[in-house]
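Data block below; observations after.
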Amino acid sequence: MSTQSIILVLDLMGVFAFALDGALTGIRSARVDIVGVMVLGVTTALGGGIIRDLLLGQTPATFQDWRYIVVALVGATLAFFLNRQLRHLSTPIQLFDAAGLSLFAVIGATKGLEAGFGPLQAVLLGMITGVGGGTIRDVFLNRVPVVLSANTRLYAIPALLGAGVVVLSDIVGLGSIWFAVVGALVCYSVRVLSLCFRWNAPPPPGAPPV
Amino acid sequence: MSTQSIILVLDLMGVFAFALDGALTGIRSARVDIVGVMVLGVTTALGGGIIRDLLLGQTPATFQDWRYIVVALVGATLAFFLNRQLRHLSTPIQLFDAAGLSLFAVIGATKGLEAGFGPLQAVLLGMITGVGGGTIRDVFLNRVPVVLSANTRLYAIPALLGAGVVVLSDIVGLGSIWFAVVGALVCYSVRVLSLCFRWNAPPPPGAPPV
Amino acid sequence: MSTQSIILVLDLMGVFAFALDGALTGIRSARVDIVGVMVLGVTTALGGGIIRDLLLGQTPATFQDWRYIVVALVGATLAFFLNRQLRHLSTPIQLFDAAGLSLFAVIGATKGLEAGFGPLQAVLLGMITGVGGGTIRDVFLNRVPVVLSANTRLYAIPALLGAGVVVLSDIVGLGSIWFAVVGALVCYSVRVLSLCFRWNAPPPPGAPPV
């Protein structure tokens, strides 16, 4: 199996996880119909990658390869029909979502470097790829995006760290698929640890306690 | 009159309908000033096409041809000055809006096919062209987009069906202006029937009744 | 110092002003953590320029030159640590923000003309550059964008006037850096006067009084 195929499979796993999570969040948070569930699933899953590709000046990968849309629709359809059963699986779904975040952050940073972006921009692009879809989902659900809010555990920071590992390894001339794996593991671990130990990013000095 | 000119005229009619509808929705739903009315009218009218063209990697048609902006501004200006009179015309405006949806869905799918997109992507692009502007309008008005919400009659589904007719006729090798007309009529009829008979898309199983 | 360098310095001053303002608005209006403050500062500062460059079909300037991101992060970091002290400086910050608006409107219109856009489109692009970032900030903060709302003083109109001066001077064949300066001064003056004298854009006829 070529590196290209491995990346595609991992990317599609991230798409599936985000579609499931986006659709379930929609069902829990708003009065949506089947169209709403599908749109929320698909935009959560594909939104980050679409923004990434537009910023790179490329036709979105999700419009070039039909498998992205199909996998996102399958995830959203599962969430639509099985939302009551999946409610009891919130921990595995959060782990699944953390995996999607890790894969997207690492793939976004890699694509930024490949396109000749500087290190700072590549890290930012990795973060945008990871958190972009969920941010569109929250805007559609009419709430302040989770990624901005206090007391929601760490979400953007693990993505930044994961993307940072990829970019650092490239700067020191060690860029390889293995450092992408390390970056994804760093992102995944920090995200999961922040869920376990209720880590939050600091609020501004002077902000009222929760 | 060439096919190109016919499409431009139809596209501009859709722009006018959406600008009127977007501006009136803004006046009804929020405390907006003349700038707000204009911005809501123009983004509702041009937003779907701009997203479509960005996804296609093209300079938005609305920035290449000044007539799009002028027609959108005329629609929003009419809505600004005549909003009290137009309040009594909500049925014709809904029919007008359904026509805009139909034209945009069909034009979006056609542009997707012309750009070499696959069938699934072309259908999706047609839907995005149809519902994109209204979705931006709803995000600006700080509410869950109509297209996602239960009990708002069918909106995205007619657009999907209209775009689907265009793409299917292309797959079986019958692609022609006549099938675009058929697609638009299918979209228009399903939308209007759903308004008459209060059809709604199904909510997720287990969702509480309204 | 070349014209190019002058424009870059002015652009970065606008970025700094908008980052400060976006981050402070976030701290005042929502329960955000450090990630939220940074994201709001950076999107307010860079959002308008990114939308402008995507509409122009160009790689966003903010991704080509790392100084944009660094300046935006510095502005947001200052706002994060000094938000209590800066609360007493709301008038200078509003003047600073007006300067950012003026610079962005003029630069946006200039880039539109350089890319071969028509006069109407160039004016619109100048306005979008000026108000785009703040609009994304308001969408993230879950409120109707200031630019649409009644009783928020003039904001988009000064940007339109400033961009209009640039485009008019180009139409009559006088396009030069000096008219960009005049455009920026017109925008700045009208914005500041509207703050002093509480000018508002007119609401639609029939709208209830505030």
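Each chain in the structure tokens gets a letter, A, B, ..., in the order shown, and its residues are numbered from 1; ligands are numbered from 1 in order too.
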
Exercise. Among segment 1-169 of chain A, which residues carry a DSSP assignment of alpha helix (DSSP H), reported as a ChimeraX atom specification?
Worked result: /A:3-29,34-55,61-64,66-86,90-114,119-140,156-169

Problem set entry | Contact residues (chain C, partner chain A, 10 Å, only C-alpha atoms) as a PyMOL selection string | chain C and resi 26-28+30-40+50-51+53-54+57-60+62-67+69-70+77+79-84+138-143

Saved selection, atoms kept: N, CA and C atoms, as a short mmCIF file (atom, residue, chain, number, x, y, z; two decimals), in the first residue's frame:
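Once everything was written out, this is selection.cif:
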data_model
loop_
_atom_site.label_atom_id
_atom_site.label_comp_id
_atom_site.auth_asym_id
_atom_site.auth_seq_id
_atom_site.Cartn_x
_atom_site.Cartn_y
_atom_site.Cartn_z
N GLY C 26 -14.17 40.13 21.66
CA GLY C 26 -14.42 38.76 22.10
C GLY C 26 -14.41 38.62 23.62
N ILE C 27 -13.42 39.25 24.26
CA ILE C 27 -13.31 39.16 25.71
C ILE C 27 -14.52 39.79 26.39
N ARG C 28 -15.00 40.92 25.83
CA ARG C 28 -16.16 41.61 26.39
C ARG C 28 -17.45 40.85 26.18
N ALA C 30 -18.15 37.40 25.16
CA ALA C 30 -18.39 35.96 25.30
C ALA C 30 -17.39 35.38 26.28
N ARG C 31 -17.67 34.17 26.71
CA ARG C 31 -16.80 33.47 27.63
C ARG C 31 -15.77 32.70 26.80
N VAL C 32 -14.68 33.37 26.44
CA VAL C 32 -13.68 32.75 25.57
C VAL C 32 -12.40 32.48 26.35
N ASP C 33 -11.63 31.50 25.87
CA ASP C 33 -10.32 31.25 26.47
C ASP C 33 -9.23 31.86 25.57
N ILE C 34 -7.97 31.56 25.86
CA ILE C 34 -6.89 32.19 25.10
C ILE C 34 -6.96 31.83 23.63
N VAL C 35 -7.39 30.60 23.32
CA VAL C 35 -7.53 30.22 21.92
C VAL C 35 -8.60 31.07 21.25
N GLY C 36 -9.72 31.26 21.95
CA GLY C 36 -10.79 32.08 21.40
C GLY C 36 -10.34 33.51 21.14
N VAL C 37 -9.58 34.07 22.08
CA VAL C 37 -9.09 35.45 21.91
C VAL C 37 -8.17 35.54 20.70
N MET C 38 -7.29 34.56 20.56
CA MET C 38 -6.35 34.57 19.43
C MET C 38 -7.10 34.39 18.10
N VAL C 39 -8.02 33.42 18.07
CA VAL C 39 -8.75 33.16 16.82
C VAL C 39 -9.59 34.38 16.44
N LEU C 40 -10.25 35.00 17.42
CA LEU C 40 -11.07 36.18 17.11
C LEU C 40 -10.18 37.34 16.64
N ILE C 50 -8.45 37.99 3.45
CA ILE C 50 -8.51 36.63 2.91
C ILE C 50 -9.70 36.49 1.95
N ILE C 51 -10.87 37.00 2.36
CA ILE C 51 -12.04 36.95 1.45
C ILE C 51 -11.72 37.72 0.16
N ASP C 53 -8.82 38.25 -1.28
CA ASP C 53 -7.89 37.54 -2.15
C ASP C 53 -8.52 36.29 -2.76
N LEU C 54 -9.41 35.61 -2.01
CA LEU C 54 -10.10 34.46 -2.60
C LEU C 54 -10.99 34.92 -3.75
N GLY C 57 -9.08 35.40 -6.73
CA GLY C 57 -8.43 34.21 -7.25
C GLY C 57 -6.95 34.15 -6.93
N GLN C 58 -6.54 34.81 -5.84
CA GLN C 58 -5.12 34.82 -5.46
C GLN C 58 -4.92 34.08 -4.14
N THR C 59 -3.70 33.57 -3.95
CA THR C 59 -3.34 33.05 -2.63
C THR C 59 -3.37 34.23 -1.65
N PRO C 60 -4.09 34.08 -0.52
CA PRO C 60 -4.18 35.20 0.41
C PRO C 60 -2.81 35.76 0.79
N THR C 62 -1.98 37.11 3.35
CA THR C 62 -1.68 36.76 4.74
C THR C 62 -1.03 35.39 4.87
N PHE C 63 -1.14 34.56 3.84
CA PHE C 63 -0.47 33.26 3.88
C PHE C 63 0.86 33.30 3.13
N GLN C 64 1.08 34.36 2.36
CA GLN C 64 2.34 34.46 1.63
C GLN C 64 3.42 35.15 2.47
N ASP C 65 2.98 36.06 3.34
CA ASP C 65 3.93 36.86 4.11
C ASP C 65 3.64 36.65 5.59
N TRP C 66 4.59 36.04 6.30
CA TRP C 66 4.36 35.66 7.69
C TRP C 66 4.13 36.85 8.61
N ARG C 67 4.53 38.06 8.18
CA ARG C 67 4.39 39.21 9.07
C ARG C 67 2.93 39.51 9.40
N ILE C 69 0.47 37.35 9.96
CA ILE C 69 0.03 36.51 11.07
C ILE C 69 0.70 36.94 12.37
N VAL C 70 1.99 37.27 12.32
CA VAL C 70 2.70 37.65 13.54
C VAL C 70 2.13 38.95 14.12
N THR C 77 -2.48 39.07 21.45
CA THR C 77 -1.81 38.75 22.72
C THR C 77 -1.85 39.95 23.67
N ALA C 79 -4.09 42.26 23.67
CA ALA C 79 -5.47 42.38 24.15
C ALA C 79 -5.74 41.35 25.24
N PHE C 80 -5.20 40.15 25.08
CA PHE C 80 -5.42 39.09 26.08
C PHE C 80 -4.89 39.51 27.44
N PHE C 81 -3.63 39.99 27.49
CA PHE C 81 -3.01 40.28 28.79
C PHE C 81 -3.43 41.63 29.36
N LEU C 82 -3.74 42.59 28.47
CA LEU C 82 -4.00 43.95 28.95
C LEU C 82 -5.47 44.35 28.82
N ASN C 83 -6.39 43.36 28.76
CA ASN C 83 -7.77 43.73 28.45
C ASN C 83 -8.37 44.67 29.48
N ARG C 84 -7.96 44.53 30.77
CA ARG C 84 -8.55 45.43 31.78
C ARG C 84 -8.05 46.86 31.61
N ASP C 138 -18.32 38.80 14.35
CA ASP C 138 -19.67 38.85 14.92
C ASP C 138 -20.41 37.53 14.72
N VAL C 139 -20.20 36.88 13.57
CA VAL C 139 -20.82 35.57 13.36
C VAL C 139 -20.30 34.58 14.40
N PHE C 140 -19.00 34.59 14.67
CA PHE C 140 -18.42 33.70 15.68
C PHE C 140 -18.98 34.04 17.07
N LEU C 141 -19.21 35.31 17.34
CA LEU C 141 -19.72 35.72 18.65
C LEU C 141 -21.24 35.58 18.73
N ASN C 142 -21.82 35.01 17.67
CA ASN C 142 -23.24 34.67 17.70
C ASN C 142 -24.14 35.89 17.83
N ARG C 143 -23.86 36.92 17.03
CA ARG C 143 -24.73 38.09 17.03
C ARG C 143 -24.85 38.63 15.60
#

Problem set entry | Interatomic distance, atom CA of Thr25 of chain B to atom CA of Arg137 of chain B (Å, one decimal) | 8.6 Å

Problem set entry | One-decimal distance in Å that lies between atom CA of Thr3 of chain B and atom CA of Ser169 of chain B | 17.7 Å

Problem set entry | d(atom CA of His88 of chain C, atom CA of Ala23 of chain C) in Å |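 For atom CA of His88 of chain C relative to atom CA of Ala23 of chain C, the distance reads 15.3 Å.
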
Chain A on chain B, least-squares, complete ordered Cα pairing, as a tab-separated table (two decimals) with C-alpha atoms, in the first residue's frame:
chain	number	residue	atom	x	y	z
A	1	MET	CA	-31.30	34.88	-28.62
A	2	SER	CA	-28.41	32.51	-27.90
A	3	THR	CA	-28.48	29.84	-25.16
A	4	GLN	CA	-25.82	31.88	-23.35
A	5	SER	CA	-28.08	34.94	-23.28
A	6	ILE	CA	-31.10	32.92	-22.15
A	7	ILE	CA	-29.08	31.50	-19.24
A	8	LEU	CA	-27.87	34.99	-18.29
A	9	VAL	CA	-31.41	36.38	-18.30
A	10	LEU	CA	-32.70	33.47	-16.20
A	11	ASP	CA	-29.74	33.79	-13.81
A	12	LEU	CA	-30.46	37.49	-13.36
A	13	MET	CA	-34.14	36.74	-12.69
A	14	GLY	CA	-33.04	34.37	-9.93
A	15	VAL	CA	-30.72	37.05	-8.55
A	16	PHE	CA	-33.57	39.56	-8.48
A	17	ALA	CA	-35.95	37.14	-6.72
A	18	PHE	CA	-33.36	36.20	-4.09
A	19	ALA	CA	-32.35	39.84	-3.48
A	20	LEU	CA	-35.97	40.80	-2.86
A	21	ASP	CA	-36.53	37.84	-0.57
A	22	GLY	CA	-33.25	38.27	1.35
A	23	ALA	CA	-33.85	41.97	1.94
A	24	LEU	CA	-37.47	41.46	3.05
A	25	THR	CA	-36.46	38.64	5.41
A	26	GLY	CA	-33.87	40.96	6.94
A	27	ILE	CA	-36.40	43.77	7.46
A	28	ARG	CA	-38.86	41.35	9.09
A	29	SER	CA	-36.37	39.52	11.31
A	30	ALA	CA	-33.87	42.04	12.65
A	31	ARG	CA	-33.30	45.71	13.36
A	32	VAL	CA	-31.31	46.54	10.24
A	33	ASP	CA	-30.52	49.83	8.51
A	34	ILE	CA	-30.27	50.51	4.78
A	35	VAL	CA	-26.77	49.01	4.69
A	36	GLY	CA	-28.05	45.85	6.35
A	37	VAL	CA	-30.92	45.57	3.87
A	38	MET	CA	-28.56	46.00	0.92
A	39	VAL	CA	-25.95	43.58	2.27
A	40	LEU	CA	-28.59	40.94	3.07
A	41	GLY	CA	-30.19	41.33	-0.36
A	42	VAL	CA	-26.89	41.13	-2.21
A	43	THR	CA	-25.45	38.22	-0.21
A	44	THR	CA	-28.68	36.20	-0.48
A	45	ALA	CA	-28.74	36.83	-4.23
A	46	LEU	CA	-25.07	36.35	-5.04
A	47	GLY	CA	-23.76	34.17	-2.16
A	48	GLY	CA	-24.68	30.80	-3.65
A	49	GLY	CA	-23.10	31.63	-7.00
A	50	ILE	CA	-19.96	33.01	-5.35
A	51	ILE	CA	-19.47	29.85	-3.28
A	52	ARG	CA	-20.10	27.77	-6.42
A	53	ASP	CA	-17.48	29.66	-8.42
A	54	LEU	CA	-14.90	29.55	-5.62
A	55	LEU	CA	-15.37	25.76	-5.38
A	56	LEU	CA	-14.93	25.59	-9.17
A	57	GLY	CA	-11.72	27.64	-8.89
A	58	GLN	CA	-13.16	30.45	-11.02
A	59	THR	CA	-13.46	34.19	-10.52
A	60	PRO	CA	-17.07	34.63	-9.38
A	61	ALA	CA	-19.35	35.45	-12.33
A	62	THR	CA	-20.88	38.14	-10.15
A	63	PHE	CA	-17.56	40.01	-10.09
A	64	GLN	CA	-16.95	39.62	-13.82
A	65	ASP	CA	-20.30	40.99	-14.98
A	66	TRP	CA	-21.57	44.17	-13.28
A	67	ARG	CA	-25.20	43.35	-14.12
A	68	TYR	CA	-25.36	40.80	-11.29
A	69	ILE	CA	-24.55	43.39	-8.65
A	70	VAL	CA	-26.84	46.01	-10.20
A	71	VAL	CA	-29.82	43.63	-10.40
A	72	ALA	CA	-29.23	42.52	-6.79
A	73	LEU	CA	-29.05	46.16	-5.64
A	74	VAL	CA	-32.26	47.01	-7.51
A	75	GLY	CA	-34.07	44.10	-5.83
A	76	ALA	CA	-32.82	45.10	-2.38
A	77	THR	CA	-33.67	48.78	-2.98
A	78	LEU	CA	-37.23	47.89	-3.99
A	79	ALA	CA	-37.56	45.80	-0.83
A	80	PHE	CA	-36.19	48.68	1.27
A	81	PHE	CA	-38.68	51.26	0.03
A	82	LEU	CA	-41.71	49.03	-0.56
A	83	ASN	CA	-41.41	46.58	2.34
A	84	ARG	CA	-44.85	47.48	3.75
A	85	GLN	CA	-46.58	47.03	0.39
A	86	LEU	CA	-44.66	43.82	-0.40
A	87	ARG	CA	-45.73	42.28	2.91
A	88	HIS	CA	-49.11	41.55	1.31
A	89	LEU	CA	-47.46	39.80	-1.60
A	90	SER	CA	-45.83	36.96	0.30
A	91	THR	CA	-47.32	34.24	-1.94
A	92	PRO	CA	-46.03	35.69	-5.24
A	93	ILE	CA	-42.67	36.33	-3.57
A	94	GLN	CA	-42.48	32.70	-2.45
A	95	LEU	CA	-43.25	31.57	-6.02
A	96	PHE	CA	-40.62	33.97	-7.27
A	97	ASP	CA	-38.12	32.60	-4.75
A	98	ALA	CA	-38.94	29.03	-5.85
A	99	ALA	CA	-38.12	30.09	-9.42
A	100	GLY	CA	-34.78	31.48	-8.25
A	101	LEU	CA	-34.02	28.23	-6.42
A	102	SER	CA	-34.83	26.19	-9.54
A	103	LEU	CA	-32.70	28.32	-11.85
A	104	PHE	CA	-29.73	28.35	-9.48
A	105	ALA	CA	-29.84	24.57	-8.85
A	106	VAL	CA	-29.89	23.82	-12.57
A	107	ILE	CA	-27.21	26.38	-13.47
A	108	GLY	CA	-24.97	25.15	-10.62
A	109	ALA	CA	-25.20	21.52	-11.72
A	110	THR	CA	-24.55	22.50	-15.36
A	111	LYS	CA	-21.45	24.51	-14.42
A	112	GLY	CA	-20.19	21.60	-12.31
A	113	LEU	CA	-20.51	19.19	-15.25
A	114	GLU	CA	-18.87	21.69	-17.61
A	115	ALA	CA	-15.92	21.96	-15.19
A	116	GLY	CA	-15.46	18.17	-15.26
A	117	PHE	CA	-16.89	17.44	-11.81
A	118	GLY	CA	-18.34	13.97	-11.20
A	119	PRO	CA	-22.12	13.44	-11.05
A	120	LEU	CA	-22.36	13.40	-7.24
A	121	GLN	CA	-20.29	16.56	-6.96
A	122	ALA	CA	-22.30	18.31	-9.70
A	123	VAL	CA	-25.57	17.57	-7.89
A	124	LEU	CA	-24.08	18.86	-4.64
A	125	LEU	CA	-22.84	21.99	-6.40
A	126	GLY	CA	-26.32	22.63	-7.79
A	127	MET	CA	-27.80	22.36	-4.32
A	128	ILE	CA	-25.12	24.65	-2.84
A	129	THR	CA	-25.79	27.25	-5.55
A	130	GLY	CA	-29.50	27.15	-4.72
A	131	VAL	CA	-29.36	27.22	-0.94
A	132	GLY	CA	-25.98	28.93	-0.27
A	133	GLY	CA	-27.17	32.53	-0.40
A	134	GLY	CA	-30.12	31.94	1.92
A	135	THR	CA	-27.86	30.10	4.34
A	136	ILE	CA	-25.47	33.06	4.58
A	137	ARG	CA	-28.52	35.32	5.07
A	138	ASP	CA	-29.69	33.17	8.01
A	139	VAL	CA	-26.22	33.06	9.56
A	140	PHE	CA	-26.10	36.87	9.38
A	141	LEU	CA	-29.58	37.08	10.93
A	142	ASN	CA	-28.32	34.88	13.77
A	143	ARG	CA	-30.65	31.92	13.32
A	144	VAL	CA	-30.36	28.27	12.33
A	145	PRO	CA	-30.48	28.22	8.50
A	146	VAL	CA	-33.96	27.42	7.15
A	147	VAL	CA	-32.46	24.71	4.98
A	148	LEU	CA	-31.46	22.68	8.06
A	149	SER	CA	-34.61	23.18	10.12
A	150	ALA	CA	-37.52	20.82	10.52
A	151	ASN	CA	-41.02	22.05	9.59
A	152	THR	CA	-39.91	24.51	6.95
A	153	ARG	CA	-41.30	22.62	3.94
A	154	LEU	CA	-38.97	21.15	1.34
A	155	TYR	CA	-36.21	23.45	0.15
A	156	ALA	CA	-32.92	21.60	-0.42
A	157	ILE	CA	-34.66	18.46	-1.70
A	158	PRO	CA	-36.28	20.17	-4.73
A	159	ALA	CA	-32.87	21.69	-5.53
A	160	LEU	CA	-31.28	18.22	-5.33
A	161	LEU	CA	-33.97	16.78	-7.61
A	162	GLY	CA	-33.61	19.57	-10.16
A	163	ALA	CA	-29.82	19.25	-10.20
A	164	GLY	CA	-30.25	15.46	-10.35
A	165	VAL	CA	-32.32	15.66	-13.55
A	166	VAL	CA	-29.57	17.70	-15.23
A	167	VAL	CA	-26.85	15.27	-14.15
A	168	LEU	CA	-28.86	12.15	-15.06
A	169	SER	CA	-29.61	13.47	-18.53
A	170	ASP	CA	-25.89	14.10	-18.94
A	171	ILE	CA	-25.02	10.55	-17.79
A	172	VAL	CA	-27.37	8.96	-20.32
A	173	GLY	CA	-25.94	11.23	-23.02
A	174	LEU	CA	-29.00	13.43	-23.47
A	175	GLY	CA	-27.53	16.59	-21.94
A	176	SER	CA	-29.21	19.56	-23.55
A	177	ILE	CA	-30.87	22.82	-22.66
A	178	TRP	CA	-34.25	21.03	-22.60
A	179	PHE	CA	-33.28	18.79	-19.72
A	180	ALA	CA	-32.17	21.86	-17.81
A	181	VAL	CA	-35.69	23.19	-18.34
A	182	VAL	CA	-37.15	19.88	-17.13
A	183	GLY	CA	-34.86	19.97	-14.07
A	184	ALA	CA	-35.94	23.50	-13.23
A	185	LEU	CA	-39.61	22.58	-13.62
A	186	VAL	CA	-39.17	19.53	-11.35
A	187	CYS	CA	-37.49	21.66	-8.69
A	188	TYR	CA	-40.13	24.41	-8.99
A	189	SER	CA	-43.08	21.99	-8.85
A	190	VAL	CA	-41.80	20.03	-5.85
A	191	ARG	CA	-41.05	23.24	-3.96
A	192	VAL	CA	-44.48	24.74	-4.68
A	193	LEU	CA	-46.30	21.48	-3.92
A	194	SER	CA	-44.48	21.22	-0.59
A	195	LEU	CA	-45.69	24.73	0.25
A	196	CYS	CA	-49.30	23.92	-0.76
A	197	PHE	CA	-49.51	20.57	1.01
A	198	ARG	CA	-47.17	21.39	3.92
A	199	TRP	CA	-44.73	18.61	3.10
A	200	ASN	CA	-41.75	18.40	5.42
A	201	ALA	CA	-38.62	16.30	5.31
A	202	PRO	CA	-38.62	13.61	8.02
A	203	PRO	CA	-36.98	14.40	11.37
A	204	PRO	CA	-34.55	11.90	12.93
A	205	PRO	CA	-36.24	8.87	14.57
A	206	GLY	CA	-36.90	9.63	18.22
A	207	ALA	CA	-37.06	13.41	17.75
A	208	PRO	CA	-39.82	14.97	19.86
A	209	PRO	CA	-42.97	15.95	17.91
A	210	VAL	CA	-43.39	19.65	17.17
